[in-house]
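File shown: model18.cif (mmCIF, C-alpha atoms (C1' of nucleotides)).
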data_data
loop_
_atom_site.label_atom_id
_atom_site.label_comp_id
_atom_site.auth_asym_id
_atom_site.auth_seq_id
_atom_site.Cartn_x
_atom_site.Cartn_y
_atom_site.Cartn_z
CA MET A 1 120.24 146.25 65.63
CA ASP A 2 122.10 148.41 68.12
CA GLU A 3 119.59 147.67 70.86
CA SER A 4 119.56 143.95 70.11
CA LEU A 5 123.35 143.88 70.08
CA ASP A 6 123.55 144.50 73.81
CA PRO A 7 127.09 143.77 75.01
CA GLU A 8 125.88 143.07 78.56
CA LEU A 9 124.09 139.88 77.60
CA PHE A 10 127.08 138.66 75.63
CA LYS A 11 129.55 139.60 78.32
CA ALA A 12 127.56 137.44 80.68
CA LEU A 13 127.76 134.43 78.36
CA ALA A 14 131.31 135.05 77.18
CA ASP A 15 133.06 133.42 80.12
CA PRO A 16 133.43 129.63 79.79
CA THR A 17 132.76 129.06 83.47
CA ARG A 18 129.58 131.11 83.35
CA ALA A 19 128.47 129.38 80.16
CA ALA A 20 128.92 126.04 81.91
CA LEU A 21 126.89 127.23 84.88
CA VAL A 22 124.07 128.43 82.66
CA ALA A 23 124.08 125.15 80.74
CA CYS A 24 124.03 123.27 84.01
CA ILE A 25 120.99 125.13 85.29
CA ALA A 26 119.23 125.04 81.92
CA LYS A 27 119.68 121.31 81.51
CA CYS A 28 118.56 120.80 85.05
CA GLY A 29 115.29 122.44 84.05
CA ARG A 30 114.51 123.71 87.51
CA GLY A 31 115.83 126.15 90.05
CA CYS A 32 119.23 125.14 91.40
CA SER A 33 120.97 126.13 94.61
CA VAL A 34 124.41 127.69 94.50
CA GLY A 35 125.92 124.59 96.03
CA GLU A 36 124.32 122.31 93.45
CA VAL A 37 125.56 124.40 90.57
CA ALA A 38 129.04 124.52 92.06
CA GLU A 39 129.30 120.74 91.75
CA CYS A 40 129.28 120.94 87.97
CA CYS A 41 132.50 122.92 87.72
CA ALA A 42 135.90 123.09 89.33
CA VAL A 43 135.93 126.61 90.72
CA ASP A 44 135.39 127.72 94.28
CA LEU A 45 131.88 128.08 95.62
CA SER A 46 132.40 131.79 96.16
CA VAL A 47 133.30 132.17 92.50
CA VAL A 48 130.11 130.40 91.50
CA SER A 49 128.11 132.69 93.75
CA ARG A 50 129.64 135.73 92.08
CA HIS A 51 129.04 134.36 88.58
CA LEU A 52 125.43 133.58 89.32
CA ALA A 53 124.86 137.06 90.71
CA LEU A 54 126.40 138.55 87.59
CA LEU A 55 124.21 136.39 85.35
CA ALA A 56 121.17 137.53 87.28
CA ARG A 57 122.16 141.18 86.88
CA ALA A 58 122.54 140.56 83.14
CA GLY A 59 119.02 139.15 82.99
CA VAL A 60 120.03 135.60 82.13
CA LEU A 61 119.02 134.16 85.49
CA GLU A 62 116.63 135.05 88.26
CA SER A 63 117.03 134.18 91.91
CA GLU A 64 114.70 133.42 94.75
CA ARG A 65 115.53 132.70 98.34
CA GLU A 66 114.06 129.57 99.93
CA GLY A 67 115.08 129.44 103.52
CA ARG A 68 118.81 129.09 103.70
CA THR A 69 119.24 128.32 100.05
CA VAL A 70 118.99 130.57 97.01
CA ARG A 71 117.62 129.04 93.85
CA TYR A 72 118.71 130.33 90.47
CA ARG A 73 116.58 129.71 87.39
CA VAL A 74 117.09 130.52 83.73
CA ARG A 75 114.91 133.33 82.39
CA TYR A 76 114.04 131.29 79.32
CA ARG A 77 111.61 133.68 77.77
CA GLU A 78 113.80 136.75 78.13
CA VAL A 79 116.94 135.03 76.87
CA THR A 80 115.35 133.36 73.86
CA THR A 81 113.53 136.57 72.99
CA ALA A 82 116.77 138.54 73.04
CA LEU A 83 118.60 135.96 70.93
CA ARG A 84 115.85 135.79 68.32
CA ALA A 85 115.50 139.55 68.21
CA LEU A 86 119.17 139.84 67.37
CA ALA A 87 118.87 137.15 64.72
CA ASP A 88 115.92 139.04 63.23
CA ALA A 89 117.89 142.28 63.27
CA PHE A 90 120.67 140.62 61.29
CA ASP A 91 118.13 139.23 58.85
CA GLN A 92 116.73 142.70 58.27
CA CYS A 93 120.16 143.81 57.16
CA CYS A 94 120.25 141.00 54.62
CA PRO A 95 116.66 139.83 54.09
CA ASP A 96 117.21 136.86 51.79
CA GLY A 97 119.99 135.40 53.90
CA GLY A 98 122.24 135.09 50.90
CA CYS A 99 123.37 138.69 50.75
CA GLY A 100 121.70 139.17 47.38
CA GLY A 101 119.35 141.90 48.51
CA ALA A 102 119.05 145.39 47.13
CA SER A 103 122.03 146.62 49.09
CA CYS A 104 124.31 143.77 48.12
CA MET B 105 123.01 123.13 74.55
CA ASP B 106 126.71 122.93 75.32
CA GLU B 107 127.61 123.19 71.65
CA SER B 108 125.18 126.05 71.03
CA LEU B 109 126.45 127.90 74.09
CA ASP B 110 129.82 128.53 72.49
CA PRO B 111 131.72 131.15 74.52
CA GLU B 112 133.78 132.15 71.47
CA LEU B 113 130.83 133.69 69.68
CA PHE B 114 129.78 135.61 72.76
CA LYS B 115 133.30 136.72 73.55
CA ALA B 116 133.42 138.21 70.09
CA LEU B 117 130.22 140.19 70.64
CA ALA B 118 130.89 141.07 74.27
CA ASP B 119 133.11 144.06 73.62
CA PRO B 120 131.25 147.34 72.97
CA THR B 121 133.72 148.43 70.31
CA ARG B 122 133.40 145.15 68.45
CA ALA B 123 129.62 145.25 68.74
CA ALA B 124 129.67 148.71 67.19
CA LEU B 125 131.88 147.49 64.36
CA VAL B 126 129.59 144.56 63.63
CA ALA B 127 126.54 146.81 63.71
CA CYS B 128 128.31 149.21 61.36
CA ILE B 129 129.08 146.52 58.82
CA ALA B 130 125.68 144.88 59.19
CA LYS B 131 123.79 148.13 58.65
CA CYS B 132 126.03 148.93 55.74
CA GLY B 133 124.77 145.73 54.16
CA ARG B 134 127.89 145.16 52.07
CA GLY B 135 131.55 144.39 52.51
CA CYS B 136 133.44 147.21 54.19
CA SER B 137 137.13 148.00 54.19
CA VAL B 138 139.02 148.33 57.45
CA GLY B 139 139.41 152.03 56.92
CA GLU B 140 135.70 152.53 56.31
CA VAL B 141 134.75 150.66 59.44
CA ALA B 142 137.30 152.59 61.47
CA GLU B 143 135.46 155.83 60.70
CA CYS B 144 132.46 154.71 62.75
CA CYS B 145 134.33 154.53 66.02
CA ALA B 146 136.97 156.43 67.92
CA VAL B 147 139.70 153.83 68.28
CA ASP B 148 142.92 153.52 66.32
CA LEU B 149 142.86 151.86 62.93
CA SER B 150 145.15 149.12 64.18
CA VAL B 151 142.67 148.33 66.92
CA VAL B 152 139.89 148.05 64.37
CA SER B 153 142.01 145.72 62.30
CA ARG B 154 142.59 143.47 65.28
CA HIS B 155 138.92 143.47 66.23
CA LEU B 156 137.83 142.56 62.72
CA ALA B 157 140.33 139.72 62.58
CA LEU B 158 139.03 138.43 65.89
CA LEU B 159 135.44 138.63 64.68
CA ALA B 160 136.40 136.71 61.57
CA ARG B 161 138.08 134.02 63.66
CA ALA B 162 134.94 133.77 65.74
CA GLY B 163 132.88 133.24 62.59
CA VAL B 164 130.94 136.48 62.81
CA LEU B 165 132.64 138.05 59.81
CA GLU B 166 134.41 136.85 56.70
CA SER B 167 137.13 138.68 54.85
CA GLU B 168 138.25 138.90 51.30
CA ARG B 169 141.16 140.78 49.87
CA GLU B 170 140.50 143.10 46.93
CA GLY B 171 143.76 144.60 45.84
CA ARG B 172 145.11 146.71 48.62
CA THR B 173 141.93 146.69 50.63
CA VAL B 174 140.37 143.93 52.68
CA ARG B 175 136.60 143.78 52.79
CA TYR B 176 134.82 142.38 55.82
CA ARG B 177 131.27 141.10 55.56
CA VAL B 178 128.85 139.73 58.13
CA ARG B 179 128.26 135.98 57.91
CA TYR B 180 124.53 136.50 58.24
CA ARG B 181 123.48 132.92 57.82
CA GLU B 182 126.00 131.48 60.26
CA VAL B 183 125.35 134.09 62.93
CA THR B 184 121.57 133.92 62.78
CA THR B 185 121.69 130.13 62.69
CA ALA B 186 123.88 130.03 65.78
CA LEU B 187 121.67 132.47 67.67
CA ARG B 188 118.46 130.62 66.81
CA ALA B 189 120.02 127.25 67.60
CA LEU B 190 120.86 128.50 71.05
CA ALA B 191 117.38 129.89 71.52
CA ASP B 192 115.97 126.52 70.46
CA ALA B 193 118.28 124.73 72.88
CA PHE B 194 116.96 126.86 75.71
CA ASP B 195 113.41 126.16 74.61
CA GLN B 196 114.05 122.44 74.71
CA CYS B 197 115.01 122.78 78.34
CA CYS B 198 111.70 124.46 79.03
CA PRO B 199 109.35 123.68 76.11
CA ASP B 200 106.32 125.70 77.09
CA GLY B 201 108.31 128.74 78.07
CA GLY B 202 106.67 128.84 81.44
CA CYS B 203 108.82 126.18 83.07
CA GLY B 204 105.85 123.83 83.45
CA GLY B 205 107.30 121.00 81.37
CA ALA B 206 107.95 117.44 82.45
CA SER B 207 111.14 118.38 84.24
CA CYS B 208 109.66 121.30 86.11
"C1'" DT C 209 120.39 132.07 122.40
"C1'" DG C 210 123.73 128.93 120.36
"C1'" DC C 211 125.01 126.13 116.53
"C1'" DA C 212 125.17 124.30 111.81
"C1'" DT C 213 124.49 125.14 106.97
"C1'" DA C 214 124.14 128.23 102.75
"C1'" DT C 215 125.57 132.16 100.57
"C1'" DT C 216 127.89 136.50 100.06
"C1'" DT C 217 131.64 139.81 100.52
"C1'" DG C 218 136.56 141.76 101.30
"C1'" DC C 219 140.94 141.40 99.72
"C1'" DA C 220 145.15 140.16 97.29
"C1'" DT C 221 146.90 137.77 93.25
"C1'" DT C 222 146.95 136.66 88.62
"C1'" DA C 223 145.27 136.35 83.87
"C1'" DT C 224 143.12 138.36 80.01
"C1'" DG C 225 142.24 141.74 76.89
"C1'" DA C 226 141.85 146.62 74.98
"C1'" DC C 227 144.48 150.34 73.39
"C1'" DG C 228 147.96 153.41 70.90
"C1'" DC C 229 152.16 154.05 68.63
"C1'" DA C 230 155.64 152.67 65.62
"C1'" DA C 231 157.43 149.44 62.48
"C1'" DA C 232 156.59 145.89 59.17
"C1'" DT C 233 154.11 143.83 55.45
"C1'" DA C 234 151.02 143.57 51.23
"C1'" DC C 235 149.67 145.36 47.09
"C1'" DG C 236 148.93 148.39 42.99
"C1'" DC C 237 150.96 151.54 39.98
"C1'" DA C 238 154.30 154.43 37.52
"C1'" DT D 239 162.47 148.91 41.18
"C1'" DG D 240 160.62 152.77 43.89
"C1'" DC D 241 156.63 155.04 45.93
"C1'" DG D 242 152.13 155.60 48.12
"C1'" DT D 243 148.19 153.51 50.27
"C1'" DA D 244 145.91 149.76 53.09
"C1'" DT D 245 146.41 146.59 56.55
"C1'" DT D 246 148.74 143.87 59.96
"C1'" DT D 247 151.93 142.98 63.71
"C1'" DG D 248 155.23 143.83 67.80
"C1'" DC D 249 155.36 145.77 72.07
"C1'" DG D 250 154.51 148.25 76.31
"C1'" DT D 251 150.83 150.12 79.28
"C1'" DC D 252 146.61 150.15 81.55
"C1'" DA D 253 141.97 148.54 82.85
"C1'" DT D 254 138.97 144.86 83.74
"C1'" DA D 255 137.80 140.68 85.49
"C1'" DA D 256 138.52 135.73 87.20
"C1'" DT D 257 140.03 133.18 91.12
"C1'" DG D 258 140.83 131.39 95.99
"C1'" DC D 259 140.88 132.02 100.76
"C1'" DA D 260 139.13 133.83 104.88
"C1'" DA D 261 135.73 136.37 107.20
"C1'" DA D 262 131.10 138.04 107.42
"C1'" DT D 263 126.22 137.55 106.83
"C1'" DA D 264 121.66 135.08 106.46
"C1'" DT D 265 118.65 131.60 107.81
"C1'" DG D 266 116.68 127.49 110.15
"C1'" DC D 267 116.56 124.62 114.11
"C1'" DA D 268 117.29 122.73 118.80
#

Show the structure stored in the file as structure tokens.
Amino acid sequence: MDESLDPELFKALADPTRAALVACIAKCGRGCSVGEVAECCAVDLSVVSRHLALLARAGVLESEREGRTVRYRVRYREVTTALRALADAFDQCCPDGGCGGASC
Amino acid sequence: MDESLDPELFKALADPTRAALVACIAKCGRGCSVGEVAECCAVDLSVVSRHLALLARAGVLESEREGRTVRYRVRYREVTTALRALADAFDQCCPDGGCGGASC
DNA sequence: TGCATATTTGCATTATGACGCAAATACGCA
DNA sequence: TGCGTATTTGCGTCATAATGCAAATATGCA
């Protein structure tokens, strides 16, 4: 539970602007350049750059340089694994999902 | 995706103190009073009270008054459903998990 | 090299949120 | 009602982080 409940992942997704950026890249389904991602929200390009770097540090995105551009991609497997692990950890605290287990 | 990627839920879990409180209540497996929860971390009781109220507003916890005490419980079903829905939404953006789908 | 494009970084400003203390409120009980 | 316990709320302070602008850096190309 404590390991699955990593505040860093949630901090990364807690900001509305960052959430929009992640959704933008995820829906795009491919690697997106900083400039492309910046078009989907109203903040300055430099702000987008900082948000993407933060999301990469948090493990939500990964980046790769292609010439002058940097492409950011969603780390699907890592993110979904972390989310499901947390869901499983909650389930283990209340196995039957209705809080009618031995400890309830 | 956009609905599943609700910043409110993540904001609630993004703070280390709040994460500890949620873990405390979850591991406890039953409803806990504010005072009980406050024993598991170093912050003031009033801070705990505020955090629990915030978590309840975010849908992570639910509260019920029992006489003088207020018991907070984890909304297991809602939380796990939200987490898995988000994981599923990510999967739909990249079905095979290796980013080799139609859009990749 | 010199220039154009893409991204990052430095810096100041502003907004948000966590925290503790004290006071207020809610409730049960005598 | 009056008292004690549990919780919430008001308020000031402090830390963190979001933002925009300008400057710096990185890269490709003529």

What are the residues of chain C that have an atom within 10 Å of an atom of chain A, counting all atoms listed in the file, as an mmCIF file with C-alpha atoms (C1' of nucleotides), in the coordinates of the input?
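Listing of selection_19.cif after writing:
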data_model
loop_
_atom_site.group_PDB
_atom_site.id
_atom_site.type_symbol
_atom_site.label_atom_id
_atom_site.label_comp_id
_atom_site.auth_asym_id
_atom_site.auth_seq_id
_atom_site.Cartn_x
_atom_site.Cartn_y
_atom_site.Cartn_z
ATOM 1 C "C1'" DT C 213 124.490 125.140 106.970
ATOM 2 C "C1'" DA C 214 124.140 128.230 102.750
ATOM 3 C "C1'" DT C 215 125.570 132.160 100.570
ATOM 4 C "C1'" DT C 216 127.890 136.500 100.060
ATOM 5 C "C1'" DT C 217 131.640 139.810 100.520
#

Problem set entry | Exercise: DA238 in chain C partners within 12 Å, all atoms listed in the file, chain neighbours under 6 positions left out, as a ChimeraX atom specification | /D:239-242

Exercise. Residues picked by the PyMOL selection byres ((chain D and resi 246-261) around 12) here, as a PyMOL selection string?
Worked result: (chain A and resi 11-12+14-18+42-48+50-51+54) or (chain B and resi 119+138+149-157+173-174) or (chain C and resi 216-234) or (chain D and resi 244-245+262-263)

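One finds CA of Leu125 in chain B at 23.7 Å from CA of Thr80 in chain A.
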
For this session: Might you spell out which residues the PyMOL selection byres ((chain A and resi 30) around 9) would select in the displayed file, as a VMD selection string?
Result: (chain A and resid 25 to 29 31 to 32 71 to 74) or (chain B and resid 198 203 207 to 208)

Just need the box for range 166-184 of chain B, edges along x, y and z, holding every atom the file lists for it with 6 Å tacked onto each side, so centre and edge lengths in Å to one decimal, as JSON.
{"center_x": 133.3, "center_y": 139.1, "center_z": 54.4, "size_x": 35.5, "size_y": 27.2, "size_z": 29.1}

Exercise. With distances taken over all atoms listed in the file, which of B:Leu159, B:Asp110, B:Cys128, B:Met105 is nearest to Cys197 in chain B?
Worked result: B:Met105

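One distance worth recording is that between CA of Arg75 in chain A and CA of Leu61 in chain A, which is 5.2 Å.
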
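Going from CA of Ala23 in chain A over to CA of Val164 in chain B, you cover 22.3 Å.
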
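Using all atoms listed in the file, the shortest contact distance between chain D and any of A:Glu36, A:Asp2, A:Glu8, A:Glu66 is found at A:Glu66.
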
Exercise. Mind telling me what the PyMOL selection byres ((chain B and resi 187) around 10) catches here, as a PyMOL selection string?
Worked result: (chain A and resi 80+82-88) or (chain B and resi 108-109+113+182-186+188-193)

Exercise. Between A:Arg65, A:Gln92, A:Ala38, A:Phe10, which is the closest to chain D once you count all atoms listed in the file?
Worked result: A:Arg65

Seminar exercise, completed: One residue among A:Glu3, A:Val37, A:Ala19, A:Ala58 is nearest to chain B when using all atoms listed in the file, and that residue is A:Ala19

Atoms are missing here; could range 43-68 of chain A be completed with N, CA and C atoms and written as a PDB file, keeping the file's coordinate frame?
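Written out: rebuild-v8.pdb:
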ATOM      1  N   VAL A  43     135.544 125.397  90.009  1.00  0.00           N
ATOM      2  CA  VAL A  43     135.930 126.610  90.720  1.00  0.00           C
ATOM      3  C   VAL A  43     135.314 126.663  92.114  1.00  0.00           C
ATOM      4  N   ASP A  44     135.840 127.563  92.904  1.00  0.00           N
ATOM      5  CA  ASP A  44     135.390 127.720  94.280  1.00  0.00           C
ATOM      6  C   ASP A  44     133.922 128.137  94.351  1.00  0.00           C
ATOM      7  N   LEU A  45     133.294 127.744  95.433  1.00  0.00           N
ATOM      8  CA  LEU A  45     131.880 128.080  95.620  1.00  0.00           C
ATOM      9  C   LEU A  45     131.645 129.589  95.587  1.00  0.00           C
ATOM     10  N   SER A  46     132.574 130.336  96.143  1.00  0.00           N
ATOM     11  CA  SER A  46     132.400 131.790  96.160  1.00  0.00           C
ATOM     12  C   SER A  46     132.435 132.350  94.739  1.00  0.00           C
ATOM     13  N   VAL A  47     133.224 131.732  93.901  1.00  0.00           N
ATOM     14  CA  VAL A  47     133.300 132.170  92.500  1.00  0.00           C
ATOM     15  C   VAL A  47     131.970 131.895  91.810  1.00  0.00           C
ATOM     16  N   VAL A  48     131.406 130.733  92.082  1.00  0.00           N
ATOM     17  CA  VAL A  48     130.110 130.400  91.500  1.00  0.00           C
ATOM     18  C   VAL A  48     129.060 131.406  91.951  1.00  0.00           C
ATOM     19  N   SER A  49     129.076 131.716  93.215  1.00  0.00           N
ATOM     20  CA  SER A  49     128.110 132.690  93.750  1.00  0.00           C
ATOM     21  C   SER A  49     128.212 134.012  93.001  1.00  0.00           C
ATOM     22  N   ARG A  50     129.445 134.447  92.798  1.00  0.00           N
ATOM     23  CA  ARG A  50     129.640 135.730  92.080  1.00  0.00           C
ATOM     24  C   ARG A  50     129.161 135.633  90.640  1.00  0.00           C
ATOM     25  N   HIS A  51     129.474 134.520  89.975  1.00  0.00           N
ATOM     26  CA  HIS A  51     129.040 134.360  88.580  1.00  0.00           C
ATOM     27  C   HIS A  51     127.523 134.344  88.469  1.00  0.00           C
ATOM     28  N   LEU A  52     126.888 133.656  89.384  1.00  0.00           N
ATOM     29  CA  LEU A  52     125.430 133.580  89.320  1.00  0.00           C
ATOM     30  C   LEU A  52     124.805 134.951  89.545  1.00  0.00           C
ATOM     31  N   ALA A  53     125.382 135.714  90.462  1.00  0.00           N
ATOM     32  CA  ALA A  53     124.860 137.060  90.710  1.00  0.00           C
ATOM     33  C   ALA A  53     125.014 137.930  89.473  1.00  0.00           C
ATOM     34  N   LEU A  54     126.164 137.786  88.809  1.00  0.00           N
ATOM     35  CA  LEU A  54     126.400 138.550  87.590  1.00  0.00           C
ATOM     36  C   LEU A  54     125.395 138.163  86.502  1.00  0.00           C
ATOM     37  N   LEU A  55     125.160 136.866  86.358  1.00  0.00           N
ATOM     38  CA  LEU A  55     124.210 136.390  85.350  1.00  0.00           C
ATOM     39  C   LEU A  55     122.806 136.887  85.651  1.00  0.00           C
ATOM     40  N   ALA A  56     122.487 137.006  86.914  1.00  0.00           N
ATOM     41  CA  ALA A  56     121.170 137.530  87.280  1.00  0.00           C
ATOM     42  C   ALA A  56     121.083 139.014  86.938  1.00  0.00           C
ATOM     43  N   ARG A  57     122.166 139.742  87.219  1.00  0.00           N
ATOM     44  CA  ARG A  57     122.160 141.180  86.880  1.00  0.00           C
ATOM     45  C   ARG A  57     122.035 141.381  85.371  1.00  0.00           C
ATOM     46  N   ALA A  58     122.599 140.448  84.599  1.00  0.00           N
ATOM     47  CA  ALA A  58     122.540 140.560  83.140  1.00  0.00           C
ATOM     48  C   ALA A  58     121.203 140.100  82.586  1.00  0.00           C
ATOM     49  N   GLY A  59     120.347 139.560  83.452  1.00  0.00           N
ATOM     50  CA  GLY A  59     119.020 139.150  82.990  1.00  0.00           C
ATOM     51  C   GLY A  59     118.940 137.723  82.492  1.00  0.00           C
ATOM     52  N   VAL A  60     120.044 136.991  82.609  1.00  0.00           N
ATOM     53  CA  VAL A  60     120.030 135.600  82.130  1.00  0.00           C
ATOM     54  C   VAL A  60     119.370 134.683  83.151  1.00  0.00           C
ATOM     55  N   LEU A  61     119.596 134.973  84.418  1.00  0.00           N
ATOM     56  CA  LEU A  61     119.020 134.160  85.490  1.00  0.00           C
ATOM     57  C   LEU A  61     118.141 135.023  86.386  1.00  0.00           C
ATOM     58  N   GLU A  62     117.354 134.346  87.202  1.00  0.00           N
ATOM     59  CA  GLU A  62     116.630 135.050  88.260  1.00  0.00           C
ATOM     60  C   GLU A  62     116.822 134.226  89.529  1.00  0.00           C
ATOM     61  N   SER A  63     116.762 134.885  90.664  1.00  0.00           N
ATOM     62  CA  SER A  63     117.030 134.180  91.910  1.00  0.00           C
ATOM     63  C   SER A  63     115.872 134.348  92.870  1.00  0.00           C
ATOM     64  N   GLU A  64     115.743 133.365  93.728  1.00  0.00           N
ATOM     65  CA  GLU A  64     114.700 133.420  94.750  1.00  0.00           C
ATOM     66  C   GLU A  64     115.229 132.698  95.976  1.00  0.00           C
ATOM     67  N   ARG A  65     115.046 133.313  97.103  1.00  0.00           N
ATOM     68  CA  ARG A  65     115.530 132.700  98.340  1.00  0.00           C
ATOM     69  C   ARG A  65     114.481 131.733  98.886  1.00  0.00           C
ATOM     70  N   GLU A  66     114.937 130.548  99.294  1.00  0.00           N
ATOM     71  CA  GLU A  66     114.060 129.570  99.930  1.00  0.00           C
ATOM     72  C   GLU A  66     114.742 129.111 101.199  1.00  0.00           C
ATOM     73  N   GLY A  67     114.416 129.779 102.267  1.00  0.00           N
ATOM     74  CA  GLY A  67     115.080 129.440 103.520  1.00  0.00           C
ATOM     75  C   GLY A  67     116.543 129.784 103.456  1.00  0.00           C
ATOM     76  N   ARG A  68     117.381 128.803 103.740  1.00  0.00           N
ATOM     77  CA  ARG A  68     118.810 129.090 103.700  1.00  0.00           C
ATOM     78  C   ARG A  68     119.385 129.076 102.310  1.00  0.00           C
TER      79      ARG A  68
END
